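The file target.cif comes next; it holds mmCIF, C-alpha atoms and all ligand atoms.
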```
data_structure
loop_
_atom_site.label_atom_id
_atom_site.label_comp_id
_atom_site.auth_asym_id
_atom_site.auth_seq_id
_atom_site.Cartn_x
_atom_site.Cartn_y
_atom_site.Cartn_z
CA GLY H 138 -9.70 -44.44 12.80
CA GLY H 139 -12.86 -43.08 14.45
CA LEU H 140 -16.11 -44.69 15.34
CA SER H 141 -19.08 -45.31 13.10
CA PHE H 142 -22.61 -44.69 14.27
CA THR H 143 -25.81 -46.51 13.45
CA THR H 144 -28.86 -44.38 12.80
CA GLY H 145 -32.22 -44.98 11.20
CA ALA H 146 -30.54 -44.64 7.82
CA GLY H 147 -27.91 -47.28 8.55
CA LEU H 148 -24.19 -47.04 9.17
CA LEU H 149 -22.71 -43.56 8.92
CA ILE H 150 -19.03 -42.76 8.72
CA SER H 151 -17.55 -40.60 11.47
CA ILE H 152 -16.34 -37.01 11.10
CA GLU H 153 -12.73 -38.27 11.33
CA GLN H 154 -13.30 -40.92 8.66
CA ALA H 155 -14.87 -38.31 6.39
CA LEU H 156 -11.92 -35.96 6.92
CA ASN H 157 -9.43 -38.72 6.14
CA LEU H 158 -11.32 -39.63 2.96
CA ILE H 159 -11.25 -35.96 1.91
CA ALA H 160 -7.54 -35.65 2.72
CA GLY H 161 -6.89 -38.74 0.61
CA GLN H 162 -8.19 -36.91 -2.48
CA VAL H 163 -6.48 -33.56 -1.94
CA ARG H 164 -3.63 -32.46 -4.17
CA ARG H 165 -1.46 -29.69 -2.87
CA GLY H 166 -1.46 -26.47 -4.93
CA VAL H 167 1.43 -25.59 -7.25
CA VAL H 168 4.20 -23.41 -5.88
CA GLU H 169 4.01 -19.75 -6.83
CA SER H 170 6.20 -16.78 -6.04
CA VAL H 171 4.55 -13.81 -4.33
CA PRO H 172 5.98 -10.45 -3.21
CA LEU H 173 6.77 -10.37 0.50
CA THR H 174 3.97 -7.89 1.24
CA ALA H 175 1.41 -10.39 -0.11
CA VAL H 176 2.40 -13.43 1.98
CA VAL H 177 0.06 -12.98 4.96
CA GLY H 178 -2.05 -16.14 5.39
CA ARG H 179 -0.06 -18.04 2.78
CA ARG H 180 2.10 -21.13 3.47
CA LEU H 181 5.77 -21.44 2.66
CA ALA H 182 6.76 -24.11 0.12
CA ALA H 183 10.36 -24.76 1.29
CA LYS H 184 12.32 -23.58 4.33
CA LEU H 185 14.01 -20.19 4.23
CA CYS H 186 17.39 -19.36 5.74
CA CYS H 187 19.14 -16.23 6.84
CA ASP H 188 21.77 -14.98 4.33
CA ARG H 189 23.87 -13.04 6.89
CA ASP H 190 24.39 -12.60 10.59
CA SER H 191 21.88 -10.46 12.48
CA PRO H 192 22.89 -7.95 13.51
CA PRO H 193 25.48 -7.99 10.71
CA PHE H 194 27.99 -6.08 12.90
CA ASP H 195 28.36 -5.29 16.62
CA LYS H 196 25.65 -2.66 16.90
CA CYS H 197 25.29 0.41 19.16
CA MET H 198 21.88 0.22 20.82
CA MET H 199 21.76 3.77 22.26
CA ASP H 200 22.48 7.33 21.18
CA GLY H 201 25.54 8.11 23.32
CA PHE H 202 29.24 7.37 23.59
CA ALA H 203 31.21 4.31 22.57
CA VAL H 204 33.85 3.71 25.24
CA LEU H 205 36.22 1.19 26.75
CA ALA H 206 34.31 -0.10 29.77
CA SER H 207 37.59 -0.32 31.73
CA ASP H 208 38.01 3.49 31.38
CA ILE H 209 34.77 4.18 33.25
CA ALA H 210 34.97 5.29 36.89
CA PRO H 211 33.07 7.98 38.85
CA GLY H 212 34.00 11.43 37.47
CA VAL H 213 36.09 10.14 34.55
CA ARG H 214 36.49 12.60 31.64
CA LEU H 215 37.04 11.28 28.11
CA ARG H 216 37.97 13.18 24.98
CA VAL H 217 35.30 12.86 22.27
CA ALA H 218 37.29 11.82 19.21
CA GLY H 219 34.56 12.01 16.60
CA GLN H 220 31.11 10.75 15.75
CA LEU H 221 29.43 7.90 13.96
CA LEU H 222 25.86 7.84 12.58
CA ALA H 223 23.80 4.79 11.68
CA GLY H 224 24.82 3.73 8.20
CA GLN H 225 28.39 5.01 8.53
CA SER H 226 31.33 2.64 8.60
CA VAL H 227 33.90 2.87 11.34
CA SER H 228 36.57 5.45 10.60
CA THR H 229 38.17 6.32 13.91
CA GLY H 230 38.70 3.73 16.62
CA VAL H 231 38.37 4.21 20.36
CA VAL H 232 41.55 4.10 22.47
CA ALA H 233 41.98 4.44 26.23
CA GLY H 234 40.97 7.93 27.41
CA THR H 235 38.75 8.64 24.41
CA ALA H 236 35.12 8.13 23.45
CA LEU H 237 33.28 8.31 20.14
CA ARG H 238 29.83 9.88 19.86
CA VAL H 239 27.56 7.20 18.33
CA MET H 240 23.93 6.98 17.25
CA THR H 241 21.61 4.00 17.65
CA GLY H 242 22.24 1.55 14.81
CA ALA H 243 25.83 2.61 14.17
CA PRO H 244 28.48 -0.14 14.13
CA LEU H 245 30.49 -0.23 17.35
CA PRO H 246 33.83 1.50 16.60
CA THR H 247 36.96 -0.66 16.83
CA GLY H 248 38.51 -0.63 20.28
CA ALA H 249 35.22 0.23 22.04
CA ASP H 250 33.38 -2.47 23.98
CA ALA H 251 30.38 -0.60 25.45
CA VAL H 252 28.04 2.32 24.83
CA ILE H 253 26.94 4.85 27.46
CA MET H 254 23.69 6.64 26.79
CA VAL H 255 23.88 10.36 26.10
CA GLU H 256 21.66 11.13 29.14
CA SER H 257 24.46 9.85 31.45
CA ALA H 258 27.09 12.21 30.04
CA ARG H 259 28.01 15.81 30.82
CA VAL H 260 29.47 17.28 27.65
CA GLU H 261 31.72 20.38 27.49
CA MET H 262 33.62 22.17 24.73
CA ARG H 263 37.18 23.21 25.58
CA ASP H 264 40.00 24.68 23.52
CA GLU H 265 41.49 21.18 23.20
CA GLY H 266 38.17 19.81 21.91
CA GLU H 267 35.02 18.16 23.17
CA PHE H 268 34.96 16.18 26.46
CA ALA H 269 32.39 13.91 28.10
CA THR H 270 32.30 13.30 31.87
CA PHE H 271 30.55 10.28 33.37
CA ASP H 272 29.49 9.50 36.93
CA LEU H 273 29.20 5.74 36.65
CA GLU H 274 30.64 2.78 38.54
CA ASN H 275 31.58 -0.69 37.28
CA TYR H 276 30.54 -0.21 33.69
CA SER H 277 30.67 -3.66 32.13
CA PRO H 278 31.76 -4.51 28.58
CA GLY H 279 28.92 -5.27 26.22
CA ARG H 280 26.42 -2.81 27.71
CA ASN H 281 24.13 -1.28 25.08
CA VAL H 282 25.84 -3.32 22.39
CA MET H 283 24.17 -6.08 20.36
CA VAL H 284 26.90 -8.45 19.26
CA ARG H 285 27.13 -9.53 15.61
CA GLY H 286 25.06 -12.69 15.05
CA ALA H 287 23.42 -12.51 18.51
CA SER H 288 19.95 -12.85 16.98
CA MET H 289 20.73 -15.10 13.99
CA ARG H 290 23.73 -16.58 12.21
CA ALA H 291 24.13 -16.73 8.44
CA GLY H 292 22.58 -20.01 7.29
CA ASP H 293 20.20 -20.33 10.25
CA PRO H 294 16.68 -21.43 9.25
CA VAL H 295 14.20 -18.58 9.71
CA PHE H 296 10.93 -20.17 8.54
CA ALA H 297 10.10 -23.87 8.22
CA ALA H 298 8.32 -25.30 5.17
CA GLY H 299 4.56 -25.03 5.67
CA HIS H 300 4.84 -21.96 7.89
CA GLN H 301 1.75 -19.77 7.59
CA PHE H 302 2.86 -16.16 7.38
CA ARG H 303 1.58 -13.41 9.65
CA ALA H 304 2.14 -9.70 9.22
CA VAL H 305 4.94 -9.73 11.82
CA ASP H 306 6.88 -12.26 9.75
CA VAL H 307 7.18 -9.81 6.88
CA GLY H 308 9.82 -7.79 8.76
CA LEU H 309 11.99 -10.89 9.15
CA LEU H 310 11.51 -11.82 5.49
CA ALA H 311 12.68 -8.35 4.50
CA GLU H 312 15.62 -8.41 6.93
CA THR H 313 16.77 -11.72 5.52
CA GLY H 314 16.52 -10.58 1.90
CA HIS H 315 13.45 -12.51 0.74
CA GLU H 316 11.79 -10.03 -1.58
CA ASN H 317 9.68 -12.75 -3.22
CA VAL H 318 8.57 -15.90 -1.47
CA ASP H 319 7.58 -19.33 -2.80
CA VAL H 320 4.19 -20.29 -1.34
CA PHE H 321 1.52 -22.85 -2.23
CA ALA H 322 -1.20 -21.62 -4.57
CA LEU H 323 -4.71 -21.23 -3.16
CA PRO H 324 -7.43 -23.25 -4.88
CA ASP H 325 -9.86 -21.94 -7.43
CA VAL H 326 -13.40 -22.59 -6.14
CA ALA H 327 -16.92 -22.45 -7.58
CA VAL H 328 -20.09 -22.18 -5.46
CA LEU H 329 -23.52 -23.31 -6.67
CA ALA H 330 -26.78 -23.19 -4.70
CA THR H 331 -29.52 -25.59 -5.77
CA GLY H 332 -33.25 -25.46 -5.14
CA ASN H 333 -36.49 -24.59 -6.96
CA GLU H 334 -37.47 -22.39 -4.04
CA LEU H 335 -34.46 -20.06 -4.26
CA VAL H 336 -34.30 -16.51 -5.57
CA ARG H 337 -31.35 -14.12 -5.58
CA CYS H 338 -30.94 -12.04 -2.45
CA GLY H 339 -31.78 -8.88 -4.42
CA GLU H 340 -35.08 -10.30 -5.63
CA SER H 341 -38.38 -10.28 -3.78
CA PRO H 342 -39.33 -13.91 -3.06
CA GLY H 343 -42.74 -14.90 -4.41
CA ALA H 344 -45.10 -17.35 -2.70
CA ALA H 345 -43.22 -20.38 -1.27
CA LYS H 346 -39.87 -18.91 -2.32
CA ILE H 347 -36.91 -17.95 -0.13
CA ARG H 348 -33.70 -16.06 -0.74
CA ASN H 349 -30.46 -17.90 -1.47
CA SER H 350 -28.58 -17.46 1.80
CA ASN H 351 -26.03 -20.22 1.31
CA GLY H 352 -24.39 -18.99 -1.91
CA PRO H 353 -23.24 -15.65 -0.46
CA MET H 354 -22.47 -17.15 2.98
CA LEU H 355 -20.31 -19.97 1.64
CA THR H 356 -18.52 -17.55 -0.69
CA ALA H 357 -17.73 -15.32 2.28
CA CYS H 358 -16.57 -18.25 4.44
CA ILE H 359 -14.01 -19.45 1.92
CA GLN H 360 -12.93 -16.02 0.66
CA SER H 361 -9.56 -16.07 2.42
CA LEU H 362 -8.92 -19.71 1.51
CA SER H 363 -9.30 -19.30 -2.21
CA ASP H 364 -7.48 -17.45 -4.94
CA SER H 365 -10.61 -17.08 -7.04
CA ILE H 366 -14.24 -17.82 -6.21
CA THR H 367 -16.86 -18.08 -8.92
CA ASP H 368 -20.45 -17.79 -7.72
CA LEU H 369 -22.45 -19.83 -10.22
CA GLY H 370 -25.71 -18.59 -8.73
CA ILE H 371 -28.76 -20.81 -8.40
CA ALA H 372 -29.64 -24.06 -10.16
CA SER H 373 -33.23 -25.27 -10.09
CA ASP H 374 -33.98 -28.89 -9.17
CA GLN H 375 -34.30 -29.75 -12.82
CA ARG H 376 -31.92 -32.39 -14.09
CA ASP H 377 -30.70 -30.66 -17.27
CA GLU H 378 -30.29 -27.21 -15.77
CA LEU H 379 -28.54 -28.64 -12.72
CA ALA H 380 -26.23 -30.77 -14.90
CA ALA H 381 -25.35 -27.76 -17.08
CA LEU H 382 -24.39 -25.58 -14.13
CA VAL H 383 -22.56 -28.42 -12.36
CA SER H 384 -20.55 -28.96 -15.57
CA HIS H 385 -19.38 -25.36 -15.35
CA GLY H 386 -18.50 -25.89 -11.72
CA LEU H 387 -16.45 -29.00 -12.46
CA ARG H 388 -13.91 -26.89 -14.37
CA HIS H 389 -12.72 -25.47 -11.07
CA GLU H 390 -10.47 -27.21 -8.53
CA VAL H 391 -13.24 -27.31 -5.95
CA LEU H 392 -17.00 -27.17 -6.45
CA VAL H 393 -19.14 -26.42 -3.41
CA LEU H 394 -22.86 -27.08 -3.83
CA SER H 395 -25.65 -26.53 -1.37
CA GLY H 396 -28.91 -28.44 -1.28
CA GLY H 397 -30.21 -31.49 -3.10
CA VAL H 398 -28.25 -34.17 -1.25
CA SER H 399 -30.95 -35.47 1.13
CA GLU H 400 -33.71 -38.03 0.63
CA GLY H 401 -36.30 -35.73 -0.98
CA MET H 402 -37.80 -36.21 -4.46
CA ALA H 403 -35.98 -33.13 -5.72
CA ASP H 404 -32.61 -34.11 -4.27
CA LEU H 405 -30.87 -34.80 -7.56
CA VAL H 406 -27.26 -33.90 -6.83
CA PRO H 407 -25.89 -37.46 -6.28
CA GLU H 408 -27.57 -38.73 -9.50
CA VAL H 409 -26.42 -35.77 -11.58
CA MET H 410 -22.88 -36.27 -10.28
CA ALA H 411 -22.96 -39.90 -11.34
CA GLU H 412 -24.20 -38.89 -14.82
CA LEU H 413 -21.35 -36.41 -15.16
CA GLY H 414 -18.75 -38.98 -14.16
CA VAL H 415 -17.99 -37.68 -10.68
CA THR H 416 -16.99 -40.56 -8.38
CA GLU H 417 -18.73 -40.59 -5.03
CA VAL H 418 -16.27 -40.91 -2.13
CA PHE H 419 -18.88 -40.80 0.62
CA HIS H 420 -22.45 -39.77 1.25
CA LYS H 421 -23.72 -39.07 4.77
CA VAL H 422 -21.71 -38.51 7.90
CA ALA H 423 -22.54 -38.97 11.60
CA ILE H 424 -22.76 -35.28 12.39
CA LYS H 425 -25.52 -32.95 13.50
CA PRO H 426 -26.24 -30.75 11.70
CA GLY H 427 -24.91 -31.93 8.33
CA LYS H 428 -25.72 -35.63 8.02
CA PRO H 429 -26.52 -35.59 4.24
CA LEU H 430 -23.04 -34.31 3.27
CA TRP H 431 -21.89 -35.68 -0.10
CA PHE H 432 -18.29 -35.75 -1.34
CA GLY H 433 -16.90 -36.84 -4.69
CA VAL H 434 -14.02 -36.37 -7.10
CA LEU H 435 -13.63 -35.96 -10.85
CA ASP H 436 -10.34 -36.38 -12.73
CA ARG H 437 -10.36 -34.97 -16.23
CA ASP H 438 -7.52 -33.81 -18.52
CA GLY H 439 -5.03 -34.15 -15.67
CA GLN H 440 -7.08 -31.82 -13.51
CA ARG H 441 -8.91 -32.86 -10.38
CA CYS H 442 -12.12 -31.36 -9.07
CA LEU H 443 -13.24 -32.02 -5.50
CA VAL H 444 -17.01 -31.79 -5.14
CA PHE H 445 -18.74 -31.02 -1.87
CA GLY H 446 -22.53 -31.37 -1.78
CA LEU H 447 -23.49 -29.54 1.41
CA PRO H 448 -26.96 -29.91 2.89
CA GLY H 449 -29.32 -27.04 2.03
CA ASN H 450 -30.28 -25.92 5.48
CA PRO H 451 -28.06 -22.90 6.11
CA VAL H 452 -26.70 -23.94 9.53
CA SER H 453 -25.86 -27.41 8.17
CA SER H 454 -24.21 -25.83 5.15
CA LEU H 455 -22.07 -23.57 7.30
CA VAL H 456 -21.05 -26.33 9.74
CA CYS H 457 -20.06 -28.66 6.88
CA CYS H 458 -18.20 -25.86 5.11
CA GLU H 459 -16.22 -25.05 8.24
CA ILE H 460 -15.48 -28.63 9.28
CA PHE H 461 -14.93 -30.33 5.92
CA VAL H 462 -14.49 -27.85 3.05
CA ARG H 463 -12.12 -25.68 5.09
CA VAL H 464 -9.78 -28.61 5.79
CA ALA H 465 -9.64 -29.50 2.09
CA LEU H 466 -8.87 -25.92 1.07
CA GLU H 467 -6.24 -25.54 3.79
CA LEU H 468 -4.55 -28.82 2.83
CA MET H 469 -4.43 -27.65 -0.79
CA ALA H 470 -2.82 -24.44 0.41
CA GLY H 471 -0.04 -26.34 2.19
CA ALA H 472 -1.41 -26.96 5.70
CA GLU H 473 -1.00 -30.23 7.57
CA MET H 474 -4.02 -32.28 8.62
CA PRO H 475 -5.39 -30.69 11.82
CA GLU H 476 -5.04 -32.86 14.91
CA ALA H 477 -8.52 -32.21 16.25
CA VAL H 478 -11.84 -30.88 15.03
CA ALA H 479 -12.78 -29.29 18.37
CA THR H 480 -9.51 -27.69 19.34
CA ARG H 481 -10.54 -25.58 22.31
CA ALA H 482 -12.04 -26.15 25.74
CA GLY H 483 -14.17 -24.01 28.02
CA SER H 484 -16.55 -24.13 30.93
CA LEU H 485 -20.27 -24.28 30.15
CA THR H 486 -22.31 -21.46 31.75
CA ASN H 487 -25.76 -23.04 31.36
CA ASP H 488 -27.33 -26.46 31.89
CA HIS H 489 -27.67 -28.07 28.49
CA THR H 490 -29.25 -31.21 27.13
CA VAL H 491 -28.47 -32.79 23.75
CA LYS H 492 -30.43 -35.60 22.21
CA GLY H 493 -29.58 -38.00 19.45
CA ASP H 494 -27.00 -40.52 18.39
CA ARG H 495 -24.82 -38.22 16.30
CA PRO H 496 -22.02 -35.91 17.53
CA THR H 497 -23.61 -32.46 17.72
CA TRP H 498 -22.24 -29.01 16.95
CA TRP H 499 -24.39 -26.53 18.85
CA PRO H 500 -24.32 -22.75 18.23
CA ALA H 501 -22.80 -21.09 21.28
CA ARG H 502 -21.00 -18.01 22.52
CA HIS H 503 -17.51 -18.00 23.94
CA GLU H 504 -16.59 -15.20 26.30
CA ILE H 505 -13.84 -14.36 28.74
CA ASP H 506 -15.27 -13.80 32.23
CA ASP H 507 -14.06 -11.32 34.91
CA GLN H 508 -11.45 -13.86 36.06
CA GLY H 509 -10.10 -14.21 32.53
CA CYS H 510 -11.54 -17.73 32.16
CA LEU H 511 -13.10 -18.95 28.96
CA ARG H 512 -16.81 -19.65 29.29
CA ILE H 513 -19.21 -21.15 26.76
CA THR H 514 -22.94 -20.53 26.62
CA ALA H 515 -25.10 -22.83 24.51
CA LEU H 516 -27.66 -20.62 22.70
CA PRO H 517 -31.36 -21.37 22.27
CA TRP H 518 -31.36 -22.98 18.82
CA LEU H 519 -34.25 -24.12 16.67
CA GLY H 520 -32.16 -26.38 14.45
CA SER H 521 -30.51 -26.31 11.05
CA ALA H 522 -32.76 -23.66 9.49
CA ASP H 523 -32.19 -21.18 12.35
CA MET H 524 -29.74 -18.69 10.88
CA ARG H 525 -30.69 -15.99 13.35
CA CYS H 526 -29.23 -18.09 16.17
CA LEU H 527 -26.09 -18.86 14.18
CA ALA H 528 -25.53 -15.17 13.53
CA GLN H 529 -25.50 -14.59 17.31
CA ALA H 530 -23.05 -17.44 17.84
CA ASN H 531 -19.27 -17.10 17.73
CA ALA H 532 -18.64 -20.74 18.65
CA LEU H 533 -19.80 -24.22 17.82
CA ALA H 534 -19.93 -26.30 21.00
CA PHE H 535 -19.24 -30.00 20.58
CA PHE H 536 -21.35 -32.64 22.31
CA PRO H 537 -20.57 -36.34 21.82
CA PRO H 538 -23.45 -38.66 20.83
CA ARG H 539 -25.87 -39.93 23.45
CA SER H 540 -24.36 -37.57 25.99
CA GLU H 541 -27.68 -36.18 27.31
CA ALA H 542 -27.34 -33.79 30.25
CA TRP H 543 -24.49 -31.29 30.54
CA PRO H 544 -24.71 -29.31 33.80
CA ALA H 545 -23.35 -25.75 33.99
CA GLY H 546 -19.65 -25.91 34.87
CA SER H 547 -18.95 -28.89 32.59
CA ILE H 548 -15.77 -28.54 30.55
CA ILE H 549 -16.72 -28.88 26.90
CA ARG H 550 -14.89 -28.69 23.57
CA TRP H 551 -15.64 -26.05 20.96
CA ARG H 552 -14.36 -24.31 17.82
CA PRO H 553 -14.95 -20.85 16.36
CA VAL H 554 -17.97 -20.43 14.05
CA VAL H 555 -15.68 -19.29 11.28
CA ALA H 556 -11.99 -19.93 11.85
P1 LIG H 601 -32.29 -29.46 0.69
O1 LIG H 601 -30.98 -29.85 1.30
O2 LIG H 601 -32.17 -29.06 -0.72
O3 LIG H 601 -33.30 -30.52 0.94
O4 LIG H 601 -32.76 -28.18 1.48
C1 LIG H 601 -33.01 -28.25 2.87
C2 LIG H 601 -33.60 -26.95 3.34
O5 LIG H 601 -32.68 -25.92 3.15
C3 LIG H 601 -34.87 -26.53 2.64
O6 LIG H 601 -35.75 -25.95 3.56
C4 LIG H 601 -34.38 -25.51 1.65
O7 LIG H 601 -35.37 -24.58 1.29
C5 LIG H 601 -33.26 -24.86 2.41
N1 LIG H 601 -32.25 -24.32 1.49
C6 LIG H 601 -31.67 -25.01 0.50
N2 LIG H 601 -30.79 -24.24 -0.15
C7 LIG H 601 -30.80 -23.06 0.46
C8 LIG H 601 -30.10 -21.84 0.25
N3 LIG H 601 -29.19 -21.71 -0.73
N4 LIG H 601 -30.38 -20.80 1.06
C9 LIG H 601 -31.29 -20.93 2.06
N5 LIG H 601 -31.96 -22.04 2.30
C10 LIG H 601 -31.73 -23.10 1.52
MG MG H 602 -33.39 -28.61 -2.24
#
```
Now, as a test, write the supplied structure out as structure tokens.
Amino acid sequence: GGLSFTTGAGLLISIEQALNLIAGQVRRGVVESVPLTAVVGRRLAAKLCCDRDSPPFDKCMMDGFAVLASDIAPGVRLRVAGQLLAGQSVSTGVVAGTALRVMTGAPLPTGADAVIMVESARVEMRDEGEFATFDLENYSPGRNVMVRGASMRAGDPVFAAGHQFRAVDVGLLAETGHENVDVFALPDVAVLATGNELVRCGESPGAAKIRNSNGPMLTACIQSLSDSITDLGIASDQRDELAALVSHGLRHEVLVLSGGVSEGMADLVPEVMAELGVTEVFHKVAIKPGKPLWFGVLDRDGQRCLVFGLPGNPVSSLVCCEIFVRVALELMAGAEMPEAVATRAGSLTNDHTVKGDRPTWWPARHEIDDQGCLRITALPWLGSADMRCLAQANALAFFPPRSEAWPAGSIIRWRPVVA
């Protein structure tokens, strides 16, 4: 669904329509097996289950004495019949009047039903052996014992398909015996900046030239979403050179271009794509910044390449990369379609006015105030070429079209600058 907006240039599709068109072209990555220490950030291909109960036996949770709870009364003295370390199997059992010295992690000896911590015992050696005296009342069965299967039962699901792994999940994977894990492959991406005015960052720009900021920035933004990123450098706005470099880019699963998709005389990307057989899916979206966004697809030799032509202005490039390219890469890596583009809410700290008939993403800062509340400050921003402002932002604040004045205290939606 989603609304369309009329602008000077005609009817533009909405952000939601653009995202749905992108999602319609995405093919999920192949399934690959990775070692469990390499799963962080990756998504699980098929659900994983637990192969045994956890804990796998009734487990002593304290260094101390395994006892029969019914034996325990103030001043009771029990004979210590032996000891059991973690990793040892039960040899001796516990019978009335006796205790077994146990260490944390040891299986609860047969006969025992509780563990008393060593700090609560007075231990003495006598000719007849070792004895432990306790000054405790009403000691209940089960204390300091974790019952077999209390946490998980054999066969229980531990991770659902599509789960994105975090570092803490690795412990559970190891516990449940998953040394290698089937996850979706991350896409292979190429990045190409276009523009006669561009020089490499390491070069000194001559008259009327500027450094290529988008190539390195886009590469950095998608680093964690890609298995391999090829930076194809800079293409001039010259049809043959552009076509040659784009052809290289089309061998990858995703090609991200910047520049050359607007209305200027040197904006050749849509034409060059058509020449190279790339099918345009959409051109131009009702979004600010980022209106000229171009998206197309090429199928060749059973392989599909998704092509994103991002606008050249760096802030527009970044916003389009975060809102559109990111979703495509995440879907390829096994994610579901996100429910919302602006997922978070916060209270605006300053009066703010937005103009225009397109939904606007405005560089902002999110902060937690003294009360622990989330507050958003819209930054002074000079528009899509103002990288300095974007570098000070950690949020993109969302303002619907034609919304005009937003007084301080308004609750607004936002998303992180780079998720
Ligand atoms: P374009 O989309 O090609 O019309 O470019 C729009 C604006 O973005 C122009 O001012 C370009 O000089 C600038 N621009 C284009 N590509 C880049 C880039 N890779 N790095 C920095 N600025 C760029
Ligand atoms: Mg250009």
For ligand MG 602 (chain H), which residue among H:Ile371, H:Cys510, H:Val168, H:Ala542 is the nearest when counting only C-alpha atoms and all ligand atoms?
H:Ile371
Please identify the residues whose atoms come within 12 Å of ligand MG 602 (chain H), using only C-alpha atoms and all ligand atoms, and report them as a PyMOL selection string.
chain H and resi 330-335+346-347+349+351+371-375+379+394-406+429+446-451
Considering all atoms listed in the file, can you say which of H:Thr313, H:Thr490, H:Ser484, H:Gln154 comes closest to H:His420?
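Using all atoms listed in the file, H:His420 sits closest to H:Gln154.
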Pick from H:Met474, H:Leu430, H:Cys442, H:Leu511: nearest to ligand LIG 601 (chain H), with all atoms listed in the file counted?
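Answer, going by the shortest atom-to-atom distance: H:Leu430.
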Could you name the residues that touch H:Met469 at 8 Å or less, counting all atoms listed in the file, but leaving out those on the same chain fewer than 6 positions away, as a compact mmCIF listing (two decimals) with C-alpha atoms, keeping the file's coordinate frame?
```txt
# COMPACT_ATOMS: atom_id res chain seq x y z
CA VAL H 163 -6.48 -33.56 -1.94
CA ARG H 164 -3.63 -32.46 -4.17
CA ARG H 165 -1.46 -29.69 -2.87
CA GLY H 166 -1.46 -26.47 -4.93
CA PHE H 321 1.52 -22.85 -2.23
CA ALA H 322 -1.20 -21.62 -4.57
CA LEU H 323 -4.71 -21.23 -3.16
CA PRO H 324 -7.43 -23.25 -4.88
```
Exercise: H:Gln220 partners within 7 Å, only C-alpha atoms, chain neighbours under 4 positions left out, as a PyMOL selection string:
chain H and resi 237-239
